[in-house]
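A.B. asks: Sharing query26.pdb, PDB, N, CA and C atoms:
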```
MODEL        1
ATOM      1  N   PHE O   1     -16.290   1.395 -14.044
ATOM      2  CA  PHE O   1     -16.934   2.306 -13.102
ATOM      3  C   PHE O   1     -16.071   3.535 -12.855
ATOM      4  N   TRP O   2     -14.814   3.331 -12.443
ATOM      5  CA  TRP O   2     -13.906   4.455 -12.252
ATOM      6  C   TRP O   2     -13.192   4.694 -13.566
ATOM      7  N   SER O   3     -13.625   5.687 -14.289
ATOM      8  CA  SER O   3     -13.048   5.943 -15.602
ATOM      9  C   SER O   3     -13.317   7.387 -16.009
ATOM     10  N   HIS O   4     -12.750   7.757 -17.128
ATOM     11  CA  HIS O   4     -13.039   9.067 -17.708
ATOM     12  C   HIS O   4     -14.506   9.105 -18.118
ATOM     13  N   ARG O   5     -15.097  10.280 -18.003
ATOM     14  CA  ARG O   5     -16.470  10.509 -18.456
ATOM     15  C   ARG O   5     -16.460  11.802 -19.260
ATOM     16  N   GLY O   6     -16.573  11.661 -20.554
ATOM     17  CA  GLY O   6     -16.514  12.836 -21.421
ATOM     18  C   GLY O   6     -15.171  13.518 -21.294
ATOM     19  N   GLU O   7     -15.180  14.808 -20.987
ATOM     20  CA  GLU O   7     -13.948  15.590 -20.839
ATOM     21  C   GLU O   7     -13.330  15.445 -19.452
ATOM     22  N   ARG O   8     -14.011  14.753 -18.577
ATOM     23  CA  ARG O   8     -13.565  14.654 -17.191
ATOM     24  C   ARG O   8     -12.778  13.369 -16.967
ATOM     25  N   CYS O   9     -11.832  13.428 -16.017
ATOM     26  CA  CYS O   9     -10.956  12.280 -15.775
ATOM     27  C   CYS O   9     -11.466  11.436 -14.608
ATOM     28  N   THR O  10     -10.772  10.360 -14.327
ATOM     29  CA  THR O  10     -11.156   9.438 -13.263
ATOM     30  C   THR O  10     -11.206  10.138 -11.908
ATOM     31  N   PHE O  11     -10.295  11.063 -11.661
ATOM     32  CA  PHE O  11     -10.305  11.806 -10.400
ATOM     33  C   PHE O  11     -11.616  12.576 -10.257
ATOM     34  N   ASP O  12     -12.082  13.206 -11.332
ATOM     35  CA  ASP O  12     -13.378  13.894 -11.316
ATOM     36  C   ASP O  12     -14.503  12.917 -10.995
ATOM     37  N   THR O  13     -14.454  11.743 -11.613
ATOM     38  CA  THR O  13     -15.485  10.725 -11.406
ATOM     39  C   THR O  13     -15.546  10.318  -9.942
ATOM     40  N   MET O  14     -14.398  10.097  -9.336
ATOM     41  CA  MET O  14     -14.362   9.705  -7.927
ATOM     42  C   MET O  14     -14.938  10.802  -7.034
ATOM     43  N   ILE O  15     -14.581  12.038  -7.291
ATOM     44  CA  ILE O  15     -15.109  13.155  -6.503
ATOM     45  C   ILE O  15     -16.629  13.203  -6.618
ATOM     46  N   GLU O  16     -17.118  13.053  -7.833
ATOM     47  CA  GLU O  16     -18.564  13.078  -8.069
ATOM     48  C   GLU O  16     -19.255  11.909  -7.377
ATOM     49  N   GLU O  17     -18.745  10.699  -7.555
ATOM     50  CA  GLU O  17     -19.381   9.505  -6.994
ATOM     51  C   GLU O  17     -19.399   9.518  -5.466
ATOM     52  N   PHE O  18     -18.359  10.062  -4.848
ATOM     53  CA  PHE O  18     -18.309  10.126  -3.388
ATOM     54  C   PHE O  18     -19.015  11.361  -2.837
ATOM     55  N   GLY O  19     -19.471  12.256  -3.718
ATOM     56  CA  GLY O  19     -20.181  13.452  -3.290
ATOM     57  C   GLY O  19     -19.307  14.429  -2.514
ATOM     58  N   LEU O  20     -18.039  14.507  -2.882
ATOM     59  CA  LEU O  20     -17.100  15.390  -2.190
ATOM     60  C   LEU O  20     -17.196  16.800  -2.765
ATOM     61  N   GLU O  21     -17.208  17.794  -1.880
ATOM     62  CA  GLU O  21     -17.319  19.179  -2.333
ATOM     63  C   GLU O  21     -16.427  20.088  -1.500
ATOM     64  N   SER O  22     -15.531  20.765  -2.163
ATOM     65  CA  SER O  22     -14.739  21.828  -1.524
ATOM     66  C   SER O  22     -14.033  22.597  -2.629
ATOM     67  N   GLY O  23     -13.803  23.858  -2.379
ATOM     68  CA  GLY O  23     -13.106  24.674  -3.367
ATOM     69  C   GLY O  23     -11.718  24.147  -3.664
ATOM     70  N   ALA O  24     -11.006  23.709  -2.615
ATOM     71  CA  ALA O  24      -9.652  23.183  -2.807
ATOM     72  C   ALA O  24      -9.678  21.907  -3.640
ATOM     73  N   LEU O  25     -10.643  21.054  -3.388
ATOM     74  CA  LEU O  25     -10.749  19.811  -4.153
ATOM     75  C   LEU O  25     -11.109  20.098  -5.607
ATOM     76  N   ASP O  26     -11.962  21.085  -5.836
ATOM     77  CA  ASP O  26     -12.291  21.487  -7.209
ATOM     78  C   ASP O  26     -11.055  22.008  -7.935
ATOM     79  N   ARG O  27     -10.237  22.796  -7.235
ATOM     80  CA  ARG O  27      -9.002  23.321  -7.809
ATOM     81  C   ARG O  27      -8.039  22.186  -8.154
ATOM     82  N   LEU O  28      -7.899  21.230  -7.226
ATOM     83  CA  LEU O  28      -7.030  20.081  -7.465
ATOM     84  C   LEU O  28      -7.549  19.254  -8.630
ATOM     85  N   ALA O  29      -8.854  19.064  -8.699
ATOM     86  CA  ALA O  29      -9.439  18.280  -9.794
ATOM     87  C   ALA O  29      -9.121  18.908 -11.145
ATOM     88  N   LEU O  30      -9.135  20.212 -11.227
ATOM     89  CA  LEU O  30      -8.812  20.886 -12.485
ATOM     90  C   LEU O  30      -7.353  20.639 -12.873
ATOM     91  N   ILE O  31      -6.453  20.683 -11.899
ATOM     92  CA  ILE O  31      -5.036  20.407 -12.170
ATOM     93  C   ILE O  31      -4.861  18.972 -12.656
ATOM     94  N   VAL O  32      -5.475  18.034 -11.944
ATOM     95  CA  VAL O  32      -5.356  16.615 -12.311
ATOM     96  C   VAL O  32      -5.964  16.370 -13.686
ATOM     97  N   ARG O  33      -7.152  16.936 -13.935
ATOM     98  CA  ARG O  33      -7.817  16.757 -15.233
ATOM     99  C   ARG O  33      -6.958  17.301 -16.365
ATOM    100  N   ALA O  34      -6.396  18.477 -16.171
ATOM    101  CA  ALA O  34      -5.559  19.082 -17.211
ATOM    102  C   ALA O  34      -4.351  18.206 -17.512
ATOM    103  N   ALA O  35      -3.728  17.662 -16.466
ATOM    104  CA  ALA O  35      -2.559  16.797 -16.661
ATOM    105  C   ALA O  35      -2.950  15.462 -17.283
ATOM    106  N   ASP O  36      -4.086  14.927 -16.873
ATOM    107  CA  ASP O  36      -4.503  13.585 -17.294
ATOM    108  C   ASP O  36      -5.120  13.547 -18.686
ATOM    109  N   THR O  37      -5.572  14.693 -19.172
ATOM    110  CA  THR O  37      -6.252  14.715 -20.474
ATOM    111  C   THR O  37      -5.488  15.523 -21.520
ATOM    112  N   ALA O  38      -4.204  15.767 -21.271
ATOM    113  CA  ALA O  38      -3.360  16.515 -22.212
ATOM    114  C   ALA O  38      -3.945  17.893 -22.523
ATOM    115  N   SER O  39      -4.490  18.535 -21.482
ATOM    116  CA  SER O  39      -5.051  19.884 -21.610
ATOM    117  C   SER O  39      -4.261  20.838 -20.723
ATOM    118  N   LEU O  40      -2.957  20.839 -20.906
ATOM    119  CA  LEU O  40      -2.071  21.574 -20.010
ATOM    120  C   LEU O  40      -2.318  23.076 -20.003
ATOM    121  N   ASP O  41      -3.052  23.581 -20.971
ATOM    122  CA  ASP O  41      -3.347  25.011 -21.018
ATOM    123  C   ASP O  41      -4.450  25.420 -20.044
ATOM    124  N   LEU O  42      -5.121  24.459 -19.401
ATOM    125  CA  LEU O  42      -6.209  24.796 -18.474
ATOM    126  C   LEU O  42      -5.712  25.536 -17.236
ATOM    127  N   VAL O  43      -4.617  25.074 -16.666
ATOM    128  CA  VAL O  43      -4.044  25.707 -15.470
ATOM    129  C   VAL O  43      -2.524  25.581 -15.514
ATOM    130  N   PRO O  44      -1.804  26.580 -15.025
ATOM    131  CA  PRO O  44      -0.340  26.533 -15.116
ATOM    132  C   PRO O  44       0.288  25.398 -14.310
ATOM    133  N   GLN O  45      -0.365  24.917 -13.274
ATOM    134  CA  GLN O  45       0.197  23.862 -12.434
ATOM    135  C   GLN O  45       0.152  22.486 -13.096
ATOM    136  N   ALA O  46      -0.619  22.329 -14.141
ATOM    137  CA  ALA O  46      -0.807  21.015 -14.774
ATOM    138  C   ALA O  46       0.494  20.426 -15.304
ATOM    139  N   ALA O  47       1.327  21.242 -15.914
ATOM    140  CA  ALA O  47       2.581  20.723 -16.474
ATOM    141  C   ALA O  47       3.487  20.180 -15.379
ATOM    142  N   GLY O  48       3.565  20.871 -14.258
ATOM    143  CA  GLY O  48       4.375  20.395 -13.141
ATOM    144  C   GLY O  48       3.817  19.125 -12.531
ATOM    145  N   PHE O  49       2.496  19.062 -12.427
ATOM    146  CA  PHE O  49       1.858  17.857 -11.888
ATOM    147  C   PHE O  49       2.118  16.667 -12.803
ATOM    148  N   LEU O  50       2.001  16.885 -14.102
ATOM    149  CA  LEU O  50       2.270  15.815 -15.063
ATOM    150  C   LEU O  50       3.729  15.384 -14.990
ATOM    151  N   ALA O  51       4.640  16.339 -14.939
ATOM    152  CA  ALA O  51       6.069  16.008 -14.871
ATOM    153  C   ALA O  51       6.378  15.189 -13.621
ATOM    154  N   ALA O  52       5.829  15.592 -12.489
ATOM    155  CA  ALA O  52       6.067  14.850 -11.248
ATOM    156  C   ALA O  52       5.460  13.450 -11.324
ATOM    157  N   SER O  53       4.274  13.338 -11.889
ATOM    158  CA  SER O  53       3.627  12.026 -12.032
ATOM    159  C   SER O  53       4.430  11.102 -12.935
ATOM    160  N   LEU O  54       4.904  11.633 -14.045
ATOM    161  CA  LEU O  54       5.713  10.819 -14.957
ATOM    162  C   LEU O  54       7.043  10.440 -14.315
ATOM    163  N   GLY O  55       7.604  11.352 -13.545
ATOM    164  CA  GLY O  55       8.832  11.041 -12.821
ATOM    165  C   GLY O  55       8.627   9.892 -11.846
ATOM    166  N   LEU O  56       7.503   9.906 -11.129
ATOM    167  CA  LEU O  56       7.199   8.806 -10.207
ATOM    168  C   LEU O  56       7.066   7.484 -10.947
ATOM    169  N   SER O  57       6.472   7.530 -12.134
ATOM    170  CA  SER O  57       6.304   6.283 -12.892
ATOM    171  C   SER O  57       7.646   5.710 -13.326
ATOM    172  N   ARG O  58       8.664   6.568 -13.428
ATOM    173  CA  ARG O  58      10.003   6.085 -13.786
ATOM    174  C   ARG O  58      10.788   5.642 -12.560
ATOM    175  N   MET O  59      10.403   6.141 -11.402
ATOM    176  CA  MET O  59      11.113   5.803 -10.169
ATOM    177  C   MET O  59      10.656   4.481  -9.560
ATOM    178  N   PHE O  60       9.395   4.126  -9.794
ATOM    179  CA  PHE O  60       8.821   2.949  -9.147
ATOM    180  C   PHE O  60       8.250   1.992 -10.182
ATOM    181  N   ARG O  61       8.753   0.778 -10.200
ATOM    182  CA  ARG O  61       8.210  -0.246 -11.090
ATOM    183  C   ARG O  61       6.960  -0.872 -10.467
ATOM    184  N   ASP O  62       6.958  -0.990  -9.153
ATOM    185  CA  ASP O  62       5.841  -1.600  -8.444
ATOM    186  C   ASP O  62       4.684  -0.602  -8.342
ATOM    187  N   ASP O  63       3.496  -1.008  -8.787
ATOM    188  CA  ASP O  63       2.342  -0.106  -8.797
ATOM    189  C   ASP O  63       1.987   0.418  -7.408
ATOM    190  N   LEU O  64       2.040  -0.452  -6.399
ATOM    191  CA  LEU O  64       1.676  -0.011  -5.052
ATOM    192  C   LEU O  64       2.688   0.980  -4.489
ATOM    193  N   GLU O  65       3.959   0.782  -4.780
ATOM    194  CA  GLU O  65       4.973   1.747  -4.349
ATOM    195  C   GLU O  65       4.768   3.085  -5.052
ATOM    196  N   GLN O  66       4.448   3.032  -6.325
ATOM    197  CA  GLN O  66       4.192   4.260  -7.076
ATOM    198  C   GLN O  66       2.959   4.970  -6.521
ATOM    199  N   LEU O  67       1.918   4.210  -6.203
ATOM    200  CA  LEU O  67       0.702   4.785  -5.641
ATOM    201  C   LEU O  67       0.993   5.459  -4.300
ATOM    202  N   GLU O  68       1.761   4.783  -3.459
ATOM    203  CA  GLU O  68       2.098   5.353  -2.158
ATOM    204  C   GLU O  68       2.874   6.661  -2.310
ATOM    205  N   ALA O  69       3.840   6.685  -3.194
ATOM    206  CA  ALA O  69       4.610   7.907  -3.443
ATOM    207  C   ALA O  69       3.716   8.990  -4.047
ATOM    208  N   GLY O  70       2.805   8.600  -4.916
ATOM    209  CA  GLY O  70       1.904   9.551  -5.548
ATOM    210  C   GLY O  70       0.952  10.215  -4.571
ATOM    211  N   MET O  71       0.608   9.520  -3.488
ATOM    212  CA  MET O  71      -0.281  10.104  -2.481
ATOM    213  C   MET O  71       0.343  11.363  -1.883
ATOM    214  N   LEU O  72       1.651  11.342  -1.686
ATOM    215  CA  LEU O  72       2.338  12.528  -1.172
ATOM    216  C   LEU O  72       2.205  13.691  -2.158
ATOM    217  N   LEU O  73       2.305  13.394  -3.439
ATOM    218  CA  LEU O  73       2.142  14.415  -4.471
ATOM    219  C   LEU O  73       0.730  15.010  -4.422
ATOM    220  N   TYR O  74      -0.280  14.146  -4.377
ATOM    221  CA  TYR O  74      -1.663  14.626  -4.308
ATOM    222  C   TYR O  74      -1.895  15.424  -3.026
ATOM    223  N   ASP O  75      -1.370  14.926  -1.896
ATOM    224  CA  ASP O  75      -1.527  15.649  -0.632
ATOM    225  C   ASP O  75      -0.891  17.033  -0.702
ATOM    226  N   ALA O  76       0.309  17.112  -1.276
ATOM    227  CA  ALA O  76       1.003  18.396  -1.377
ATOM    228  C   ALA O  76       0.235  19.372  -2.267
ATOM    229  N   PHE O  77      -0.249  18.898  -3.395
ATOM    230  CA  PHE O  77      -1.016  19.780  -4.282
ATOM    231  C   PHE O  77      -2.339  20.186  -3.635
ATOM    232  N   PHE O  78      -2.972  19.270  -2.893
ATOM    233  CA  PHE O  78      -4.213  19.617  -2.201
ATOM    234  C   PHE O  78      -3.952  20.709  -1.172
ATOM    235  N   ARG O  79      -2.872  20.569  -0.394
ATOM    236  CA  ARG O  79      -2.562  21.583   0.611
ATOM    237  C   ARG O  79      -2.277  22.931  -0.041
ATOM    238  N   TRP O  80      -1.607  22.917  -1.205
ATOM    239  CA  TRP O  80      -1.385  24.166  -1.925
ATOM    240  C   TRP O  80      -2.731  24.753  -2.340
ATOM    241  N   CYS O  81      -3.603  23.915  -2.884
ATOM    242  CA  CYS O  81      -4.929  24.379  -3.317
ATOM    243  C   CYS O  81      -5.731  24.937  -2.145
ATOM    244  N   ARG O  82      -5.582  24.348  -0.984
ATOM    245  CA  ARG O  82      -6.350  24.760   0.190
ATOM    246  C   ARG O  82      -5.741  25.956   0.905
ATOM    247  N   ASP O  83      -4.400  25.992   1.016
ATOM    248  CA  ASP O  83      -3.779  26.943   1.931
ATOM    249  C   ASP O  83      -2.785  27.923   1.324
ATOM    250  N   ALA O  84      -2.326  27.696   0.107
ATOM    251  CA  ALA O  84      -1.153  28.456  -0.320
ATOM    252  C   ALA O  84      -1.236  29.054  -1.719
ATOM    253  N   THR O  85      -2.413  29.141  -2.306
ATOM    254  CA  THR O  85      -2.494  29.647  -3.679
ATOM    255  C   THR O  85      -2.085  31.113  -3.790
ATOM    256  N   GLU O  86      -2.169  31.849  -2.703
ATOM    257  CA  GLU O  86      -1.816  33.274  -2.742
ATOM    258  C   GLU O  86      -0.357  33.527  -2.376
ATOM    259  N   GLU O  87       0.337  32.491  -1.905
ATOM    260  CA  GLU O  87       1.724  32.670  -1.472
ATOM    261  C   GLU O  87       2.657  32.776  -2.672
ATOM    262  N   THR O  88       3.609  33.703  -2.572
ATOM    263  CA  THR O  88       4.600  33.860  -3.634
ATOM    264  C   THR O  88       5.994  33.862  -3.020
ATOM    265  N   HIS O  89       6.967  33.628  -3.841
ATOM    266  CA  HIS O  89       8.365  33.662  -3.410
ATOM    267  C   HIS O  89       9.162  34.432  -4.449
ATOM    268  N   ASN O  90       8.976  35.726  -4.460
ATOM    269  CA  ASN O  90       9.712  36.578  -5.390
ATOM    270  C   ASN O  90      11.084  36.870  -4.805
ATOM    271  N   TRP O  91      12.084  36.785  -5.632
ATOM    272  CA  TRP O  91      13.444  37.043  -5.160
ATOM    273  C   TRP O  91      14.163  37.938  -6.133
ATOM    274  N   PRO O  92      14.844  38.955  -5.750
ATOM    275  CA  PRO O  92      14.995  39.378  -4.359
ATOM    276  C   PRO O  92      13.718  40.027  -3.842
ATOM    277  N   ALA O  93      13.567  40.032  -2.546
ATOM    278  CA  ALA O  93      12.371  40.603  -1.925
ATOM    279  C   ALA O  93      12.268  42.082  -2.275
ATOM    280  N   ALA O  94      11.056  42.541  -2.462
ATOM    281  CA  ALA O  94      10.822  43.946  -2.807
ATOM    282  C   ALA O  94      11.412  44.856  -1.733
ATOM    283  N   GLY O  95      12.046  45.926  -2.152
ATOM    284  CA  GLY O  95      12.590  46.906  -1.229
ATOM    285  C   GLY O  95      13.992  46.614  -0.732
ATOM    286  N   LYS O  96      14.501  45.440  -1.017
ATOM    287  CA  LYS O  96      15.865  45.108  -0.595
ATOM    288  C   LYS O  96      16.805  45.281  -1.779
ATOM    289  N   PRO O  97      17.972  45.854  -1.535
ATOM    290  CA  PRO O  97      18.926  46.013  -2.647
ATOM    291  C   PRO O  97      19.389  44.659  -3.170
ATOM    292  N   SER O  98      19.591  44.603  -4.476
ATOM    293  CA  SER O  98      20.033  43.337  -5.067
ATOM    294  C   SER O  98      21.525  43.222  -5.137
TER
ENDMDL
END
```
Could you quickly redo this structure as structure tokens?
C.D. replies:
Amino acid sequence: FWSHRGERCTFDTMIEEFGLESGALDRLALIVRAADTASLDLVPQAAGFLAASLGLSRMFRDDLEQLEAGMLLYDAFFRWCRDATEETHNWPAAGKPS
């Protein structure tokens, strides 16, 4: 039931089955799909999401511990998708001498 469907990943399936709709969730789904289906060229954030996910899999042998830690990752990426996509951190700040 919860599985990949065509080009879409399990996260997409869950969003569809639960009838969830939001721009931030759509953005997050694209990041997750790109990381989960080896389509890292879809969005620049996919490689970082994949790296963090793989890192968690090496940090936690217990599936439930890994899942709990992964929720923080999903929450952080969701908040970025919802609130911070326009934020940048260029250094040095424009107009300040280097």
A.B. asks: I need the alpha helix (DSSP H) residues of chain O per DSSP on the backbone, written as a short mmCIF file (atom, residue, chain, number, x, y, z; two decimals) with N, CA and C atoms, in the coordinates of the input.
C.D. replies:
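Printed below is states_13.cif as written:
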```
data_model
loop_
_atom_site.label_atom_id
_atom_site.label_comp_id
_atom_site.auth_asym_id
_atom_site.auth_seq_id
_atom_site.Cartn_x
_atom_site.Cartn_y
_atom_site.Cartn_z
N THR O 10 -10.77 10.36 -14.33
CA THR O 10 -11.16 9.44 -13.26
C THR O 10 -11.21 10.14 -11.91
N PHE O 11 -10.30 11.06 -11.66
CA PHE O 11 -10.30 11.81 -10.40
C PHE O 11 -11.62 12.58 -10.26
N ASP O 12 -12.08 13.21 -11.33
CA ASP O 12 -13.38 13.89 -11.32
C ASP O 12 -14.50 12.92 -11.00
N THR O 13 -14.45 11.74 -11.61
CA THR O 13 -15.48 10.72 -11.41
C THR O 13 -15.55 10.32 -9.94
N MET O 14 -14.40 10.10 -9.34
CA MET O 14 -14.36 9.70 -7.93
C MET O 14 -14.94 10.80 -7.03
N ILE O 15 -14.58 12.04 -7.29
CA ILE O 15 -15.11 13.16 -6.50
C ILE O 15 -16.63 13.20 -6.62
N GLU O 16 -17.12 13.05 -7.83
CA GLU O 16 -18.56 13.08 -8.07
C GLU O 16 -19.26 11.91 -7.38
N GLU O 17 -18.74 10.70 -7.56
CA GLU O 17 -19.38 9.51 -6.99
C GLU O 17 -19.40 9.52 -5.47
N PHE O 18 -18.36 10.06 -4.85
CA PHE O 18 -18.31 10.13 -3.39
C PHE O 18 -19.02 11.36 -2.84
N GLY O 23 -13.80 23.86 -2.38
CA GLY O 23 -13.11 24.67 -3.37
C GLY O 23 -11.72 24.15 -3.66
N ALA O 24 -11.01 23.71 -2.62
CA ALA O 24 -9.65 23.18 -2.81
C ALA O 24 -9.68 21.91 -3.64
N LEU O 25 -10.64 21.05 -3.39
CA LEU O 25 -10.75 19.81 -4.15
C LEU O 25 -11.11 20.10 -5.61
N ASP O 26 -11.96 21.08 -5.84
CA ASP O 26 -12.29 21.49 -7.21
C ASP O 26 -11.06 22.01 -7.94
N ARG O 27 -10.24 22.80 -7.24
CA ARG O 27 -9.00 23.32 -7.81
C ARG O 27 -8.04 22.19 -8.15
N LEU O 28 -7.90 21.23 -7.23
CA LEU O 28 -7.03 20.08 -7.46
C LEU O 28 -7.55 19.25 -8.63
N ALA O 29 -8.85 19.06 -8.70
CA ALA O 29 -9.44 18.28 -9.79
C ALA O 29 -9.12 18.91 -11.14
N LEU O 30 -9.14 20.21 -11.23
CA LEU O 30 -8.81 20.89 -12.48
C LEU O 30 -7.35 20.64 -12.87
N ILE O 31 -6.45 20.68 -11.90
CA ILE O 31 -5.04 20.41 -12.17
C ILE O 31 -4.86 18.97 -12.66
N VAL O 32 -5.48 18.03 -11.94
CA VAL O 32 -5.36 16.61 -12.31
C VAL O 32 -5.96 16.37 -13.69
N ARG O 33 -7.15 16.94 -13.94
CA ARG O 33 -7.82 16.76 -15.23
C ARG O 33 -6.96 17.30 -16.36
N ALA O 34 -6.40 18.48 -16.17
CA ALA O 34 -5.56 19.08 -17.21
C ALA O 34 -4.35 18.21 -17.51
N ALA O 35 -3.73 17.66 -16.47
CA ALA O 35 -2.56 16.80 -16.66
C ALA O 35 -2.95 15.46 -17.28
N ASP O 36 -4.09 14.93 -16.87
CA ASP O 36 -4.50 13.58 -17.29
C ASP O 36 -5.12 13.55 -18.69
N GLN O 45 -0.36 24.92 -13.27
CA GLN O 45 0.20 23.86 -12.43
C GLN O 45 0.15 22.49 -13.10
N ALA O 46 -0.62 22.33 -14.14
CA ALA O 46 -0.81 21.02 -14.77
C ALA O 46 0.49 20.43 -15.30
N ALA O 47 1.33 21.24 -15.91
CA ALA O 47 2.58 20.72 -16.47
C ALA O 47 3.49 20.18 -15.38
N GLY O 48 3.56 20.87 -14.26
CA GLY O 48 4.38 20.40 -13.14
C GLY O 48 3.82 19.12 -12.53
N PHE O 49 2.50 19.06 -12.43
CA PHE O 49 1.86 17.86 -11.89
C PHE O 49 2.12 16.67 -12.80
N LEU O 50 2.00 16.89 -14.10
CA LEU O 50 2.27 15.82 -15.06
C LEU O 50 3.73 15.38 -14.99
N ALA O 51 4.64 16.34 -14.94
CA ALA O 51 6.07 16.01 -14.87
C ALA O 51 6.38 15.19 -13.62
N ALA O 52 5.83 15.59 -12.49
CA ALA O 52 6.07 14.85 -11.25
C ALA O 52 5.46 13.45 -11.32
N SER O 53 4.27 13.34 -11.89
CA SER O 53 3.63 12.03 -12.03
C SER O 53 4.43 11.10 -12.94
N LEU O 54 4.90 11.63 -14.04
CA LEU O 54 5.71 10.82 -14.96
C LEU O 54 7.04 10.44 -14.32
N GLY O 55 7.60 11.35 -13.54
CA GLY O 55 8.83 11.04 -12.82
C GLY O 55 8.63 9.89 -11.85
N LEU O 56 7.50 9.91 -11.13
CA LEU O 56 7.20 8.81 -10.21
C LEU O 56 7.07 7.48 -10.95
N SER O 57 6.47 7.53 -12.13
CA SER O 57 6.30 6.28 -12.89
C SER O 57 7.65 5.71 -13.33
N ARG O 58 8.66 6.57 -13.43
CA ARG O 58 10.00 6.08 -13.79
C ARG O 58 10.79 5.64 -12.56
N MET O 59 10.40 6.14 -11.40
CA MET O 59 11.11 5.80 -10.17
C MET O 59 10.66 4.48 -9.56
N ASP O 63 3.50 -1.01 -8.79
CA ASP O 63 2.34 -0.11 -8.80
C ASP O 63 1.99 0.42 -7.41
N LEU O 64 2.04 -0.45 -6.40
CA LEU O 64 1.68 -0.01 -5.05
C LEU O 64 2.69 0.98 -4.49
N GLU O 65 3.96 0.78 -4.78
CA GLU O 65 4.97 1.75 -4.35
C GLU O 65 4.77 3.08 -5.05
N GLN O 66 4.45 3.03 -6.32
CA GLN O 66 4.19 4.26 -7.08
C GLN O 66 2.96 4.97 -6.52
N LEU O 67 1.92 4.21 -6.20
CA LEU O 67 0.70 4.78 -5.64
C LEU O 67 0.99 5.46 -4.30
N GLU O 68 1.76 4.78 -3.46
CA GLU O 68 2.10 5.35 -2.16
C GLU O 68 2.87 6.66 -2.31
N ALA O 69 3.84 6.68 -3.19
CA ALA O 69 4.61 7.91 -3.44
C ALA O 69 3.72 8.99 -4.05
N GLY O 70 2.80 8.60 -4.92
CA GLY O 70 1.90 9.55 -5.55
C GLY O 70 0.95 10.22 -4.57
N MET O 71 0.61 9.52 -3.49
CA MET O 71 -0.28 10.10 -2.48
C MET O 71 0.34 11.36 -1.88
N LEU O 72 1.65 11.34 -1.69
CA LEU O 72 2.34 12.53 -1.17
C LEU O 72 2.20 13.69 -2.16
N LEU O 73 2.31 13.39 -3.44
CA LEU O 73 2.14 14.42 -4.47
C LEU O 73 0.73 15.01 -4.42
N TYR O 74 -0.28 14.15 -4.38
CA TYR O 74 -1.66 14.63 -4.31
C TYR O 74 -1.90 15.42 -3.03
N ASP O 75 -1.37 14.93 -1.90
CA ASP O 75 -1.53 15.65 -0.63
C ASP O 75 -0.89 17.03 -0.70
N ALA O 76 0.31 17.11 -1.28
CA ALA O 76 1.00 18.40 -1.38
C ALA O 76 0.24 19.37 -2.27
N PHE O 77 -0.25 18.90 -3.40
CA PHE O 77 -1.02 19.78 -4.28
C PHE O 77 -2.34 20.19 -3.64
N PHE O 78 -2.97 19.27 -2.89
CA PHE O 78 -4.21 19.62 -2.20
C PHE O 78 -3.95 20.71 -1.17
N ARG O 79 -2.87 20.57 -0.39
CA ARG O 79 -2.56 21.58 0.61
C ARG O 79 -2.28 22.93 -0.04
#
```
A.B. asks: Cys9 of chain O: which residues within 8 Å, counting all atoms listed in the file, same-chain residues fewer than 2 positions away excluded, as a list in words?
C.D. replies: Trp2, Ser3, His4, Arg5, Gly6, Glu7, Phe11, Asp12, Thr13, Met14, Ile15, Ala29, Val32, Arg33, Ala34, Asp36 and Thr37 of chain O
A.B. asks: Using only C-alpha atoms, which residues sit within 12 Å of Trp80 of chain O once same-chain residues fewer than 5 positions away are excluded, as a list in words?
C.D. replies: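 Returned residues: Gly23, Ala24, Leu25, Arg27, Leu28, Ile31, Gln45, Leu73, Tyr74, Asp75, Thr85, Glu86, Glu87 and Thr88 of chain O.
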A.B. asks: What's the separation between atom N of Leu50 of chain O and atom N of Ala38 of chain O, in Å to one decimal place?
C.D. replies: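 Atom-to-atom, atom N of Leu50 of chain O to atom N of Ala38 of chain O, that is 9.5 Å.
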A.B. asks: Rounded to one decimal place, report the atom C of Leu72 of chain O-atom C of Gly48 of chain O distance in Å.
C.D. replies: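 Going from atom C of Leu72 of chain O over to atom C of Gly48 of chain O, I get 11.8 Å.
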A.B. asks: One number please: atom CA of Gly70 of chain O to atom CA of Glu21 of chain O, in Å, one decimal.
C.D. replies: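 Straight-line distance from atom CA of Gly70 of chain O to atom CA of Glu21 of chain O works out to 21.7 Å.
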A.B. asks: Return as AutoDock Vina command-line options the box centre and box size in Å, one decimal, for an axis-aligned box around all listed atoms of segment 11-20 of chain O padded by 3 Å per side.
C.D. replies:
```
--center_x -15.2 --center_y 13.2 --center_z -6.9 --size_x 15.9 --size_y 13.3 --size_z 15.5
```
